[in-house]
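Visitor: The file below is upload_15.cif, mmCIF, C-alpha atoms:
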data_query
#
loop_
_atom_site.label_atom_id
_atom_site.label_comp_id
_atom_site.auth_asym_id
_atom_site.auth_seq_id
_atom_site.Cartn_x
_atom_site.Cartn_y
_atom_site.Cartn_z
CA MET I 1 24.39 -83.23 43.86
CA ASP I 2 25.07 -80.32 41.59
CA ALA I 3 23.03 -78.28 39.16
CA LYS I 4 23.44 -80.85 36.34
CA ASP I 5 21.85 -83.58 38.49
CA ILE I 6 18.94 -81.29 39.31
CA LEU I 7 18.39 -80.39 35.64
CA GLY I 8 18.96 -83.96 34.45
CA LEU I 9 21.81 -83.06 32.20
CA PRO I 10 24.61 -85.43 31.30
CA LYS I 11 27.79 -85.03 33.21
CA ASN I 12 29.92 -85.03 30.04
CA PRO I 13 31.91 -81.81 29.76
CA PHE I 14 30.92 -79.26 27.08
CA PRO I 15 33.16 -79.04 24.01
CA ALA I 16 35.78 -76.40 24.23
CA THR I 17 34.65 -73.10 22.80
CA GLN I 18 36.50 -71.73 19.84
CA GLU I 19 38.99 -69.15 20.75
CA LYS I 20 38.16 -65.71 19.36
CA LYS I 21 40.79 -64.10 17.22
CA PRO I 22 41.93 -60.81 18.63
CA ARG I 23 40.94 -57.82 16.52
CA PRO I 24 43.71 -55.61 15.39
CA GLN I 25 43.72 -52.48 17.40
CA LYS I 26 43.14 -49.30 15.45
CA GLU I 27 45.63 -46.60 15.82
CA THR I 28 43.93 -43.99 17.90
CA GLN I 29 44.58 -40.50 16.70
CA ARG I 30 43.93 -37.62 18.97
CA LYS I 31 41.49 -34.98 17.64
CA PRO I 32 43.41 -31.79 17.02
CA ASP I 33 42.40 -28.66 18.79
CA GLY I 34 40.09 -26.24 17.01
CA VAL I 35 38.30 -28.91 14.94
CA HIS I 36 34.67 -29.78 15.64
CA ARG I 37 33.87 -33.35 16.53
CA GLU I 38 31.41 -33.76 13.62
CA VAL I 39 33.93 -32.44 11.08
CA TYR I 40 36.65 -34.72 12.45
CA ALA I 41 34.32 -37.76 12.28
CA LEU I 42 33.42 -37.04 8.63
CA THR I 43 36.87 -36.21 7.30
CA GLY I 44 39.00 -38.37 9.55
CA GLY I 45 41.32 -35.47 10.22
CA MET I 46 41.88 -31.90 9.21
CA ALA I 47 39.90 -30.72 6.22
CA PRO I 48 42.16 -29.78 3.27
CA LEU I 49 42.78 -26.11 2.93
CA MET I 50 43.01 -26.28 -0.87
CA PRO I 51 41.96 -28.87 -3.50
CA THR I 52 44.59 -31.51 -4.09
CA ILE I 53 45.66 -32.88 -7.46
CA GLU I 54 46.82 -36.40 -7.94
CA VAL I 55 50.41 -36.86 -8.96
CA SER I 56 49.40 -39.11 -11.86
CA HIS I 57 47.58 -36.22 -13.45
CA LEU I 58 50.70 -34.11 -13.33
CA LYS I 59 52.68 -36.74 -15.22
CA LYS I 60 50.19 -36.89 -18.09
CA ARG I 61 50.90 -34.82 -21.17
CA GLN I 62 48.34 -32.29 -22.29
CA ASN I 63 46.46 -33.01 -25.47
CA THR I 64 47.94 -30.29 -27.61
CA GLU I 65 46.31 -29.81 -30.97
CA LYS I 66 48.43 -29.35 -34.00
CA GLU I 67 47.86 -25.59 -34.25
CA LYS I 68 50.50 -23.02 -34.92
CA ILE I 69 49.48 -19.71 -33.39
CA SER I 70 51.33 -16.50 -34.05
CA TRP I 71 50.73 -12.75 -33.75
CA GLN I 72 51.32 -10.58 -36.78
CA TRP I 73 51.16 -6.86 -37.58
CA LEU I 74 48.37 -6.75 -40.18
CA PRO I 75 46.19 -4.04 -41.76
CA PHE I 76 42.43 -3.95 -41.11
CA THR I 77 39.31 -2.21 -42.41
CA SER I 78 36.47 -0.73 -40.37
CA SER I 79 32.94 -0.09 -41.54
CA ALA I 80 32.72 2.78 -39.06
CA ARG I 81 35.08 4.89 -41.18
CA THR I 82 34.04 6.54 -44.40
CA ASP I 83 37.56 7.51 -45.54
CA THR I 84 40.32 5.36 -47.06
CA LEU I 85 42.69 5.60 -44.09
CA GLN I 86 44.73 2.39 -43.71
CA LEU I 87 45.37 1.29 -40.13
CA TYR I 88 47.31 -1.66 -38.65
CA HIS I 89 47.10 -3.71 -35.49
CA TRP I 90 48.38 -6.96 -34.00
CA ALA I 91 46.19 -9.88 -35.03
CA ARG I 92 46.11 -13.52 -33.93
CA VAL I 93 46.99 -15.81 -36.81
CA VAL I 94 46.21 -19.54 -36.57
CA ASN I 95 48.14 -21.87 -38.87
CA GLY I 96 49.14 -18.96 -41.06
CA VAL I 97 45.52 -17.91 -41.83
CA PRO I 98 44.90 -14.20 -41.02
CA PRO I 99 41.52 -13.18 -39.54
CA THR I 100 38.84 -11.97 -41.90
CA GLY I 101 35.73 -9.86 -41.44
CA ASP I 102 34.91 -6.41 -40.14
CA TYR I 103 36.74 -4.71 -37.33
CA SER I 104 35.47 -6.08 -34.02
CA PHE I 105 34.94 -2.64 -32.49
CA ALA I 106 32.98 -1.23 -35.43
CA LYS I 107 29.69 -2.34 -33.81
CA TYR I 108 30.11 0.30 -31.13
CA ASN I 109 30.02 3.14 -33.64
CA LYS I 110 26.58 4.69 -33.14
CA SER I 111 25.43 7.74 -35.04
CA VAL I 112 22.41 10.06 -34.78
CA ASP I 113 19.95 10.19 -37.64
CA VAL I 114 19.54 13.90 -38.31
CA VAL I 115 16.60 14.79 -40.52
CA LYS I 116 17.16 16.54 -43.83
CA TYR I 117 14.93 19.13 -45.43
CA THR I 118 14.54 20.63 -48.87
CA ASP I 119 14.31 24.26 -49.92
CA GLU I 120 10.58 23.88 -50.52
CA GLU I 121 10.01 22.44 -47.04
CA TYR I 122 12.08 25.22 -45.51
CA LYS I 123 10.05 27.94 -47.21
CA LYS I 124 6.76 26.27 -46.31
CA HIS I 125 7.30 25.10 -42.72
CA LEU I 126 10.67 26.23 -41.30
CA THR I 127 10.91 29.98 -41.83
CA ASP I 128 11.82 31.95 -38.71
CA PRO I 129 12.60 35.70 -38.54
CA MET I 130 15.27 35.07 -35.89
CA TRP I 131 17.13 32.51 -38.02
CA SER I 132 18.36 32.63 -41.59
CA LYS I 133 18.60 29.64 -43.90
CA GLU I 134 22.42 29.73 -43.85
CA GLU I 135 22.48 29.54 -40.04
CA THR I 136 19.99 26.68 -40.05
CA ASP I 137 21.97 24.75 -42.66
CA GLN I 138 25.19 25.28 -40.69
CA LEU I 139 23.47 24.13 -37.49
CA PHE I 140 22.18 20.87 -39.00
CA ASP I 141 25.56 20.20 -40.60
CA PHE I 142 27.26 20.52 -37.20
CA CYS I 143 24.55 18.41 -35.51
CA GLU I 144 25.24 15.57 -37.93
CA ARG I 145 29.01 16.02 -37.68
CA PHE I 146 29.25 16.20 -33.86
CA ASP I 147 26.29 13.87 -32.99
CA LEU I 148 24.17 16.52 -31.24
CA ARG I 149 26.92 17.54 -28.82
CA PHE I 150 25.57 21.04 -28.50
CA ILE I 151 28.40 22.35 -26.31
CA ILE I 152 30.89 21.52 -29.07
CA ILE I 153 28.48 22.85 -31.69
CA ALA I 154 28.14 26.16 -29.80
CA ASP I 155 31.93 26.38 -29.57
CA ARG I 156 32.38 25.78 -33.32
CA PHE I 157 29.33 27.72 -34.49
CA PRO I 158 30.40 30.83 -36.46
CA TYR I 159 27.44 32.93 -35.31
CA PRO I 160 26.89 34.22 -31.74
CA ARG I 161 24.33 31.77 -30.45
CA THR I 162 23.86 30.19 -27.03
CA VAL I 163 23.47 26.49 -26.38
CA GLU I 164 19.78 26.94 -25.53
CA GLU I 165 19.09 28.82 -28.76
CA LEU I 166 20.80 26.12 -30.83
CA LYS I 167 18.79 23.40 -29.09
CA ASN I 168 15.55 25.30 -29.52
CA ARG I 169 16.12 25.82 -33.24
CA TYR I 170 17.13 22.21 -33.91
CA TYR I 171 14.23 20.61 -32.01
CA SER I 172 11.64 23.06 -33.38
CA VAL I 173 12.72 22.35 -36.98
CA THR I 174 12.76 18.59 -36.39
CA ARG I 175 9.32 18.70 -34.77
CA ALA I 176 7.86 20.75 -37.64
CA LEU I 177 9.27 18.31 -40.22
CA LEU I 178 7.90 15.25 -38.41
CA VAL I 179 4.41 16.77 -38.17
CA ALA I 180 4.44 17.98 -41.79
CA ARG I 181 5.62 14.64 -43.24
CA ALA I 182 3.21 12.48 -41.20
CA PRO I 183 -0.08 11.45 -42.88
CA SER I 184 -1.97 12.40 -39.72
CA PRO I 185 -0.97 14.06 -36.45
CA GLY I 186 -1.83 10.90 -34.53
CA ASP I 187 0.95 8.93 -36.24
CA VAL I 188 3.69 11.01 -34.62
CA SER I 189 1.92 11.86 -31.36
CA GLY I 190 4.00 9.27 -29.51
CA ASN I 191 7.33 10.62 -30.73
CA PRO I 192 9.29 12.17 -27.80
CA ILE I 193 10.18 15.27 -29.82
CA VAL I 194 6.50 15.89 -30.62
CA LYS I 195 5.12 14.76 -27.28
CA GLU I 196 7.48 16.81 -25.10
CA PRO I 197 8.70 19.89 -27.00
CA TYR I 198 11.84 21.66 -25.89
CA ASN I 199 11.23 24.62 -23.55
CA MET I 200 14.07 27.12 -23.86
CA ASN I 201 12.83 29.43 -21.08
CA HIS I 202 12.61 26.57 -18.61
CA GLU I 203 16.14 25.43 -19.50
CA VAL I 204 17.56 28.93 -19.01
CA GLU I 205 15.82 29.27 -15.65
CA ARG I 206 17.02 25.83 -14.58
CA LYS I 207 20.64 26.64 -15.35
CA ARG I 208 20.37 30.00 -13.61
CA ALA I 209 18.97 28.37 -10.46
CA LEU I 210 21.65 25.69 -10.62
CA SER I 211 24.40 28.31 -10.86
CA VAL I 212 22.93 30.15 -7.88
CA VAL I 213 22.89 26.96 -5.82
CA LEU I 214 26.43 25.99 -6.79
CA SER I 215 27.75 29.47 -5.97
CA GLN I 216 26.37 29.50 -2.42
CA THR I 217 28.65 29.57 0.60
CA LYS I 218 28.47 27.18 3.53
CA GLN I 219 26.71 29.79 5.67
CA GLN I 220 24.02 30.26 3.03
CA GLU I 221 23.55 26.50 2.67
CA GLN I 222 23.17 26.12 6.44
CA ARG I 223 20.64 28.96 6.54
CA ASP I 224 18.63 27.41 3.69
CA ALA I 225 18.61 24.05 5.49
CA GLU I 226 17.28 25.70 8.67
CA ILE I 227 14.54 27.50 6.70
CA LEU I 228 13.49 24.25 5.01
CA ALA I 229 13.37 22.38 8.34
CA GLU I 230 11.25 25.15 9.90
CA ALA I 231 8.91 25.16 6.89
CA LYS I 232 8.53 21.39 7.18
CA GLN I 233 7.59 21.66 10.87
CA ILE I 234 5.02 24.36 10.08
CA MET I 235 3.50 22.23 7.33
CA GLU I 236 3.28 19.18 9.60
CA SER I 237 1.61 21.18 12.37
CA ARG I 238 -0.91 22.62 9.90
CA MET I 239 -1.73 19.18 8.52
CA ALA I 240 -2.17 17.78 12.05
CA SER I 241 -4.49 20.63 13.09
CA LYS I 242 -6.46 20.32 9.85
CA SER I 243 -6.93 16.57 10.33
CA ALA I 244 -8.11 17.15 13.92
CA GLU I 245 -10.64 19.74 12.72
CA ASP I 246 -11.89 17.35 10.03
CA VAL I 247 -12.52 14.67 12.66
CA GLU I 248 -14.40 17.00 15.03
CA LEU I 249 -16.33 19.06 12.48
CA PRO I 250 -19.82 17.62 11.75
CA VAL I 251 -21.12 17.37 8.24
CA ASN I 252 -23.96 19.84 8.77
CA GLN I 253 -21.36 22.65 8.93
CA ILE I 254 -19.72 21.58 5.68
CA GLY I 255 -22.66 21.75 3.30
CA ASN I 256 -25.67 19.87 2.06
CA GLU I 257 -23.90 16.52 1.93
CA GLY I 258 -26.03 15.04 4.70
CA SER I 259 -29.31 16.77 3.80
CA GLU I 260 -30.89 13.62 2.41
CA ALA I 261 -30.16 11.59 5.55
CA THR I 262 -31.53 14.44 7.69
CA ALA I 263 -34.71 14.58 5.59
CA HIS I 264 -35.27 10.85 6.11
CA ALA I 265 -34.72 11.22 9.83
CA GLU I 266 -37.15 14.13 10.09
CA SER I 267 -39.86 12.20 8.21
CA VAL I 268 -40.07 9.70 11.04
CA SER I 269 -42.27 11.13 13.79
CA LEU I 270 -40.92 8.78 16.42
CA LEU I 271 -37.55 10.52 16.39
CA ASN I 272 -38.95 13.91 17.41
CA THR I 273 -39.12 13.14 21.15
CA ASN I 274 -36.54 14.35 23.62
CA HIS I 275 -35.77 10.79 24.68
CA LEU I 276 -34.25 9.94 21.29
CA ALA I 277 -32.26 13.13 20.95
CA SER I 278 -29.12 11.39 22.17
CA SER I 279 -29.76 8.03 20.47
CA THR I 280 -30.62 9.19 16.97
CA VAL I 281 -28.43 8.29 14.04
CA ALA I 282 -25.18 10.20 14.27
CA PRO I 283 -24.49 12.20 11.11
CA PRO I 284 -21.36 11.20 9.23
CA THR I 285 -18.31 13.28 9.92
CA ALA I 286 -16.27 15.21 7.44
CA GLU I 287 -13.64 12.50 7.51
CA CYS I 288 -16.18 10.03 6.08
CA THR I 289 -17.53 12.33 3.40
CA SER I 290 -14.16 13.48 2.14
CA THR I 291 -10.70 12.01 1.71
CA PRO I 292 -9.23 10.86 5.06
CA ALA I 293 -6.39 12.85 6.55
CA SER I 294 -4.06 9.84 6.31
CA LEU I 295 -4.45 9.89 2.53
CA ARG I 296 -4.02 13.65 2.23
CA MET I 297 -0.45 13.22 3.43
CA LEU I 298 0.22 10.99 0.41
CA ARG I 299 0.69 12.65 -2.94
CA VAL I 300 -0.09 9.50 -4.95
CA TYR I 301 -2.38 6.64 -3.86
CA LEU I 302 -4.76 4.12 -5.39
CA ARG I 303 -8.43 5.04 -5.50
CA THR I 304 -9.37 1.52 -4.28
CA HIS I 305 -7.20 2.07 -1.20
CA ALA I 306 -8.87 5.45 -0.64
CA LEU I 307 -12.31 3.81 -0.95
CA GLU I 308 -11.39 1.19 1.67
CA GLN I 309 -10.22 3.92 4.05
CA MET I 310 -13.41 5.93 3.54
CA VAL I 311 -15.63 2.85 4.03
CA GLN I 312 -13.81 2.05 7.28
CA ALA I 313 -14.25 5.64 8.44
CA ALA I 314 -17.96 5.53 7.58
CA ASN I 315 -18.41 2.24 9.47
CA SER I 316 -16.37 3.32 12.50
CA SER I 317 -19.49 4.16 14.55
CA ALA I 318 -21.31 0.94 13.57
CA GLY I 319 -20.91 -2.51 15.07
CA LEU I 320 -19.69 -5.67 13.39
CA ARG I 321 -23.21 -7.06 12.94
CA THR I 322 -24.39 -3.82 11.36
CA ILE I 323 -21.48 -3.85 8.91
CA LYS I 324 -22.32 -7.44 7.96
CA ARG I 325 -25.97 -6.45 7.42
CA VAL I 326 -24.83 -3.61 5.15
CA ASP I 327 -22.71 -6.03 3.08
CA GLN I 328 -25.62 -8.48 2.93
CA THR I 329 -27.95 -5.71 1.74
CA LEU I 330 -25.51 -4.78 -1.01
CA GLN I 331 -25.37 -8.41 -2.13
CA ASP I 332 -29.16 -8.62 -2.11
CA LEU I 333 -29.29 -5.52 -4.31
CA GLY I 334 -26.79 -7.08 -6.71
CA VAL I 335 -24.06 -4.54 -5.93
CA HIS I 336 -20.43 -5.62 -5.66
CA LEU I 337 -18.74 -5.01 -2.33
CA LYS I 338 -15.82 -3.49 -4.26
CA PRO I 339 -16.52 -1.66 -7.53
CA LYS I 340 -15.04 -3.35 -10.58
CA VAL I 341 -14.35 0.02 -12.24
CA PRO I 342 -13.32 2.27 -9.33
CA THR I 343 -13.63 5.65 -11.00
CA LYS I 344 -14.15 8.79 -8.92
CA SER I 345 -17.89 8.98 -9.59
CA VAL I 346 -18.42 5.24 -9.04
CA CYS I 347 -16.57 5.31 -5.70
CA ALA I 348 -18.58 8.35 -4.59
CA GLU I 349 -21.90 6.66 -5.47
CA HIS I 350 -20.82 3.42 -3.78
CA LEU I 351 -19.91 5.25 -0.59
CA GLU I 352 -23.18 7.21 -0.66
CA LEU I 353 -25.16 3.97 -1.07
CA ARG I 354 -23.38 2.44 1.92
CA LYS I 355 -24.22 5.50 4.03
CA GLU I 356 -27.89 5.37 3.04
CA ILE I 357 -28.11 1.66 3.88
CA LEU I 358 -26.43 2.28 7.24
CA THR I 359 -28.87 5.13 7.94
CA LEU I 360 -31.82 2.90 7.00
CA LEU I 361 -30.67 0.10 9.30
CA ASN I 362 -30.17 2.51 12.20
CA LEU I 363 -33.65 3.99 11.66
CA GLN I 364 -35.17 0.52 11.60
CA LYS I 365 -33.42 -0.29 14.85
CA GLN I 366 -34.69 2.90 16.48
CA LEU I 367 -38.22 2.16 15.23
CA GLN I 368 -38.11 -1.31 16.78
CA ASN I 369 -36.94 0.16 20.07
CA ARG I 370 -39.77 2.68 20.08
CA GLU I 371 -42.35 0.03 19.26
CA ALA I 372 -41.04 -2.12 22.12
CA GLU I 373 -41.27 0.84 24.52
CA ALA I 374 -44.80 1.61 23.35
CA SER I 375 -45.92 -1.99 23.93
CA VAL I 376 -44.40 -1.97 27.43
CA ASN I 377 -46.18 1.29 28.26
CA ARG I 378 -49.43 -0.15 26.92
CA GLU I 379 -49.14 -3.19 29.20
CA ASN I 380 -48.26 -1.09 32.23
CA SER I 381 -51.00 1.47 31.65
CA TYR I 382 -52.98 0.10 34.62
CA ALA I 383 -49.96 0.03 36.92
CA GLU I 384 -49.94 2.55 39.73
CA THR I 385 -47.53 5.43 39.44
CA PRO I 386 -45.66 6.82 42.49
CA SER I 387 -47.59 10.13 42.38
CA THR I 388 -51.06 8.56 42.88
CA PRO I 389 -52.39 7.93 46.41
CA LYS I 390 -52.19 4.42 47.81
CA ARG I 391 -55.23 2.21 47.49
CA SER I 392 -56.71 0.21 50.34
CA TYR I 393 -55.60 -3.39 50.82
CA ARG I 394 -57.48 -6.47 51.75
CA GLY I 395 -57.07 -5.84 55.46
CA ASP I 396 -58.72 -2.43 55.20
CA VAL I 397 -61.74 -3.95 53.45
CA GLU I 398 -62.08 -6.62 56.12
CA ARG I 399 -61.72 -4.07 58.89
CA SER I 400 -64.64 -2.07 57.52
CA LEU I 401 -66.83 -5.18 57.53
CA VAL I 402 -65.96 -6.31 61.04
CA PRO I 403 -67.28 -4.17 63.94
CA ASP I 404 -64.85 -2.51 66.31
CA SER I 405 -66.25 -4.36 69.33
CA ALA I 406 -65.03 -7.70 68.01
CA GLY I 407 -62.49 -9.30 70.32
CA PHE I 408 -60.32 -11.99 68.86
CA GLY I 409 -61.53 -11.26 65.34
CA GLY I 410 -60.27 -7.73 65.58
CA ASP I 411 -56.88 -8.83 66.84
CA ARG I 412 -56.56 -11.39 64.06
CA VAL I 413 -57.45 -8.90 61.39
CA GLY I 414 -55.01 -6.43 62.82
CA LYS I 415 -52.20 -8.98 62.61
CA ARG I 416 -53.02 -9.72 59.00
CA ASP I 417 -53.16 -6.05 58.24
CA HIS I 418 -49.84 -5.55 59.98
CA LYS I 419 -48.27 -8.31 57.93
CA ARG I 420 -49.61 -6.90 54.70
CA LYS I 421 -48.57 -3.36 55.46
CA ALA I 422 -45.09 -4.32 56.55
CA PRO I 423 -42.42 -3.04 54.14
CA GLY I 424 -41.34 -5.61 51.61
CA ARG I 425 -37.94 -6.42 50.21
CA PHE I 426 -38.19 -3.88 47.43
CA THR I 427 -39.94 -0.74 48.62
CA ASP I 428 -39.61 1.02 45.28
CA ALA I 429 -41.60 -1.60 43.40
CA PRO I 430 -45.17 -0.50 42.59
CA PRO I 431 -47.89 -2.27 44.58
CA SER I 432 -49.92 -4.95 42.89
CA PRO I 433 -53.50 -4.07 41.97
CA PRO I 434 -56.10 -4.94 44.68
CA GLN I 435 -57.97 -8.16 44.26
CA SER I 436 -61.71 -8.14 44.96
CA LYS I 437 -62.66 -11.01 47.27
CA ARG I 438 -65.81 -11.93 49.02
CA PRO I 439 -65.95 -10.70 52.69
CA ARG I 440 -65.55 -13.24 55.46
CA LYS I 441 -68.80 -14.51 56.95
CA LEU I 442 -69.56 -13.54 60.49
CA LYS I 443 -69.89 -16.19 63.10
CA SER I 444 -72.80 -16.38 65.50
CA SER I 445 -70.55 -15.47 68.39
CA ASP I 446 -69.56 -12.27 66.62
CA GLY I 447 -73.16 -11.19 66.29
#
As structure tokens - that is how I would like this structure written.

Guide:
Amino acid sequence: MDAKDILGLPKNPFPATQEKKPRPQKETQRKPDGVHREVYALTGGMAPLMPTIEVSHLKKRQNTEKEKISWQWLPFTSSARTDTLQLYHWARVVNGVPPTGDYSFAKYNKSVDVVKYTDEEYKKHLTDPMWSKEETDQLFDFCERFDLRFIIIADRFPYPRTVEELKNRYYSVTRALLVARAPSPGDVSGNPIVKEPYNMNHEVERKRALSVVLSQTKQQEQRDAEILAEAKQIMESRMASKSAEDVELPVNQIGNEGSEATAHAESVSLLNTNHLASSTVAPPTAECTSTPASLRMLRVYLRTHALEQMVQAANSSAGLRTIKRVDQTLQDLGVHLKPKVPTKSVCAEHLELRKEILTLLNLQKQLQNREAEASVNRENSYAETPSTPKRSYRGDVERSLVPDSAGFGGDRVGKRDHKRKAPGRFTDAPPSPPQSKRPRKLKSSDG
């Protein structure tokens, strides 16, 4: 008996399975050294070092248009020139048609518009005892000819004038003409020549200082660098000491900035005791009332940033809940937490309002503490203080009622008295007030 008999299968043999065709073996190529496995799997080999071009593209002819291009030596005209000079250059000619139009480089010819004046304007607005009309006319002619290149103008000028004097005369005349020809001074107020007039003295001093600097030796430059470094260290030390003094100096030594807060504090009679001398509202420091030292180091800063720094300095002594109560009070009063128009006066008033609200909240807190202490003292007014003599206890009262000749009664009372007078767990606690009870009745045996 075999497995087929057990399973009840026929004993006929199974049909022959189809023979599988062998797959062609792929040619295994070894991965070259220096190539990552991922790159080799994507490219199937080495990545090309340069883009390849198919050979079929090389055999194709280029689509050449039927254009005949030649270069010819042709004349040209330029709008940048005012004379009749004829110039030539090589030009690209397509199909025998020469190029037309203006010279391609004529657009780079830029000229300065120099103002002109009449004899009447000169007599009315431009007279100067240091300059004659001939010198002024020659100067403006050279300015238009040499495009305000004053070094060339000073070299070609027939009169002995310096570059600074020529500049001063030209810009002063131009400024006077612009102001005189304008309908109103506001129309030319934005012109750079009118807005920032030329300063001849400053220019002379600048060139003198520049010549002194350029003529220095290496030893002088090294000495100047050492002096500047020492001056920088001195300035930093002064700023650090000044900032430390601003933090430590109270506001009552600065002025009357905190007089209002002090007046409010003095009006409350509960703050006059010695117990609250250390817990009263601390006056704001000089760092809170003035610009912080961190901002004094900066030459330019935003006023909103300065206001944030000053608010943080003012709230440094307050807790998080107190700061939230101050913000809530401002919202209840309809005041923005950050001013919409942060001018100097608005920021100062906003900071002063925050300080007054903080002072008010601190005074309210101190008032609540004093009221709580007063209520506790009122409740403990009947409590016995350590300086008063001790009062008699229950055992002493009973002992006075029972005669000394009592036997067991006396012993029992003595034990109770001993238990009551034994020291408790907390000896410093004040004794409880005596309770009045009815005396124990005497037995017949005691009588």

Visitor: Have a look at atom CA of I:Lys66 and atom CA of I:Trp90 and let me know their distance in Å, one decimal.

Guide: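 These atoms are spaced 22.4 Å apart.
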
Visitor: Which residue is closest to I:Ile69? Choose from I:Ala229, I:Leu87, I:Val94, I:Ala313 and count all atoms listed in the file.

Guide: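 Using all atoms listed in the file, I:Ile69 sits closest to I:Val94.
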
Visitor: Within 10 Å of I:Tyr171, counting only C-alpha atoms, which residues qualify if same-chain residues fewer than 4 places away don't, as a PDB file with C-alpha atoms, in the coordinates of the input?

Guide:
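Everything below was put into part.pdb:
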ATOM      1  CA  LEU I 166      20.800  26.120 -30.830  1.00  0.00           C
ATOM      2  CA  LYS I 167      18.790  23.400 -29.090  1.00  0.00           C
ATOM      3  CA  ARG I 175       9.320  18.700 -34.770  1.00  0.00           C
ATOM      4  CA  ALA I 176       7.860  20.750 -37.640  1.00  0.00           C
ATOM      5  CA  LEU I 177       9.270  18.310 -40.220  1.00  0.00           C
ATOM      6  CA  ILE I 193      10.180  15.270 -29.820  1.00  0.00           C
ATOM      7  CA  VAL I 194       6.500  15.890 -30.620  1.00  0.00           C
ATOM      8  CA  PRO I 197       8.700  19.890 -27.000  1.00  0.00           C
ATOM      9  CA  TYR I 198      11.840  21.660 -25.890  1.00  0.00           C
ATOM     10  CA  ASN I 199      11.230  24.620 -23.550  1.00  0.00           C
TER      11      ASN I 199
END

Visitor: Excluding same-chain residues fewer than 6 positions from I:His350, what lies within 9 Å of it counting only C-alpha atoms, as a ChimeraX atom specification?

Guide: /I:307,335,337-339

Visitor: Taking into account all atoms listed in the file, which residue in the set I:Ser189, I:Trp131, I:Leu85, I:Trp71 is nearest to I:Pro98?

Guide: I:Trp71

Visitor: Would you list the contacts of I:Leu358 as an NGL selection string, taking every protein, DNA or RNA residue within 12 Å and counting all atoms listed in the file, but skipping same-chain residues closer than 6 positions in sequence?

Guide: :I and (261 or 281-284 or 311 or 314-319 or 321-330 or 351-352 or 364-365)

Visitor: Take the PyMOL selection byres ((chain I and resi 77) around 8), apply it to the structure above, and return the hits as a list in words.

Guide: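 What the PyMOL selection byres ((chain I and resi 77) around 8) grabs from the file is Pro75, Phe76, Ser78, Ser79, Gln86, Leu87, Asp102 and Tyr103 of chain I.
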
Visitor: Using atom CA of I:Ser70 and atom CA of I:Pro99 as the two end points, give the distance in Å to one decimal.

Guide: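 Rounded to one decimal, the two atoms are 11.7 Å apart.
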
Visitor: Please expand the PyMOL selection byres ((chain I and resi 115) around 9) into the concrete residues it hits in this file, giving the result as an MDAnalysis selection string.

Guide: chainID I and resid 113:114 116:117 140 174 177:178

Visitor: Just give me the gap between atom CA of I:Asn201 and atom CA of I:Glu164 in Å, one decimal is fine.

Guide: 8.6 Å

Visitor: Kindly resolve the PyMOL selection byres ((chain I and resi 122) around 12) on the present coordinates and return the residues as a list of chain:residue names.

Guide: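 Here the PyMOL selection byres ((chain I and resi 122) around 12) matches I:Lys116, I:Tyr117, I:Thr118, I:Asp119, I:Glu120, I:Glu121, I:Lys123, I:Lys124, I:His125, I:Leu126, I:Thr127, I:Asp128, I:Trp131, I:Ser132, I:Lys133, I:Glu134, I:Thr136, I:Asp137, I:Val173, I:Thr174, I:Ala176, I:Leu177, I:Ala180.
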
Visitor: Just write the chosen residues, C-alpha atoms, as a compact mmCIF listing (two decimals), in the coordinates of the input.

Guide:
# COMPACT_ATOMS: atom_id res chain seq x y z
CA LYS I 116 17.16 16.54 -43.83
CA TYR I 117 14.93 19.13 -45.43
CA THR I 118 14.54 20.63 -48.87
CA ASP I 119 14.31 24.26 -49.92
CA GLU I 120 10.58 23.88 -50.52
CA GLU I 121 10.01 22.44 -47.04
CA LYS I 123 10.05 27.94 -47.21
CA LYS I 124 6.76 26.27 -46.31
CA HIS I 125 7.30 25.10 -42.72
CA LEU I 126 10.67 26.23 -41.30
CA THR I 127 10.91 29.98 -41.83
CA ASP I 128 11.82 31.95 -38.71
CA TRP I 131 17.13 32.51 -38.02
CA SER I 132 18.36 32.63 -41.59
CA LYS I 133 18.60 29.64 -43.90
CA GLU I 134 22.42 29.73 -43.85
CA THR I 136 19.99 26.68 -40.05
CA ASP I 137 21.97 24.75 -42.66
CA VAL I 173 12.72 22.35 -36.98
CA THR I 174 12.76 18.59 -36.39
CA ALA I 176 7.86 20.75 -37.64
CA LEU I 177 9.27 18.31 -40.22
CA ALA I 180 4.44 17.98 -41.79

Visitor: Between I:Met130, I:Val376, I:Val179, I:Val112, which residue has the minimum interatomic distance to I:Asp147, considering only C-alpha atoms?

Guide: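 Smallest separation from I:Asp147 among the options: I:Val112.
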
Visitor: Find the residues with any atom within 7 Å of (48.8, -8.4, -37.7); use only C-alpha atoms and the coordinates as given in the file, and write the answer as a PyMOL selection string.

Guide: chain I and resi 71-75+88-92
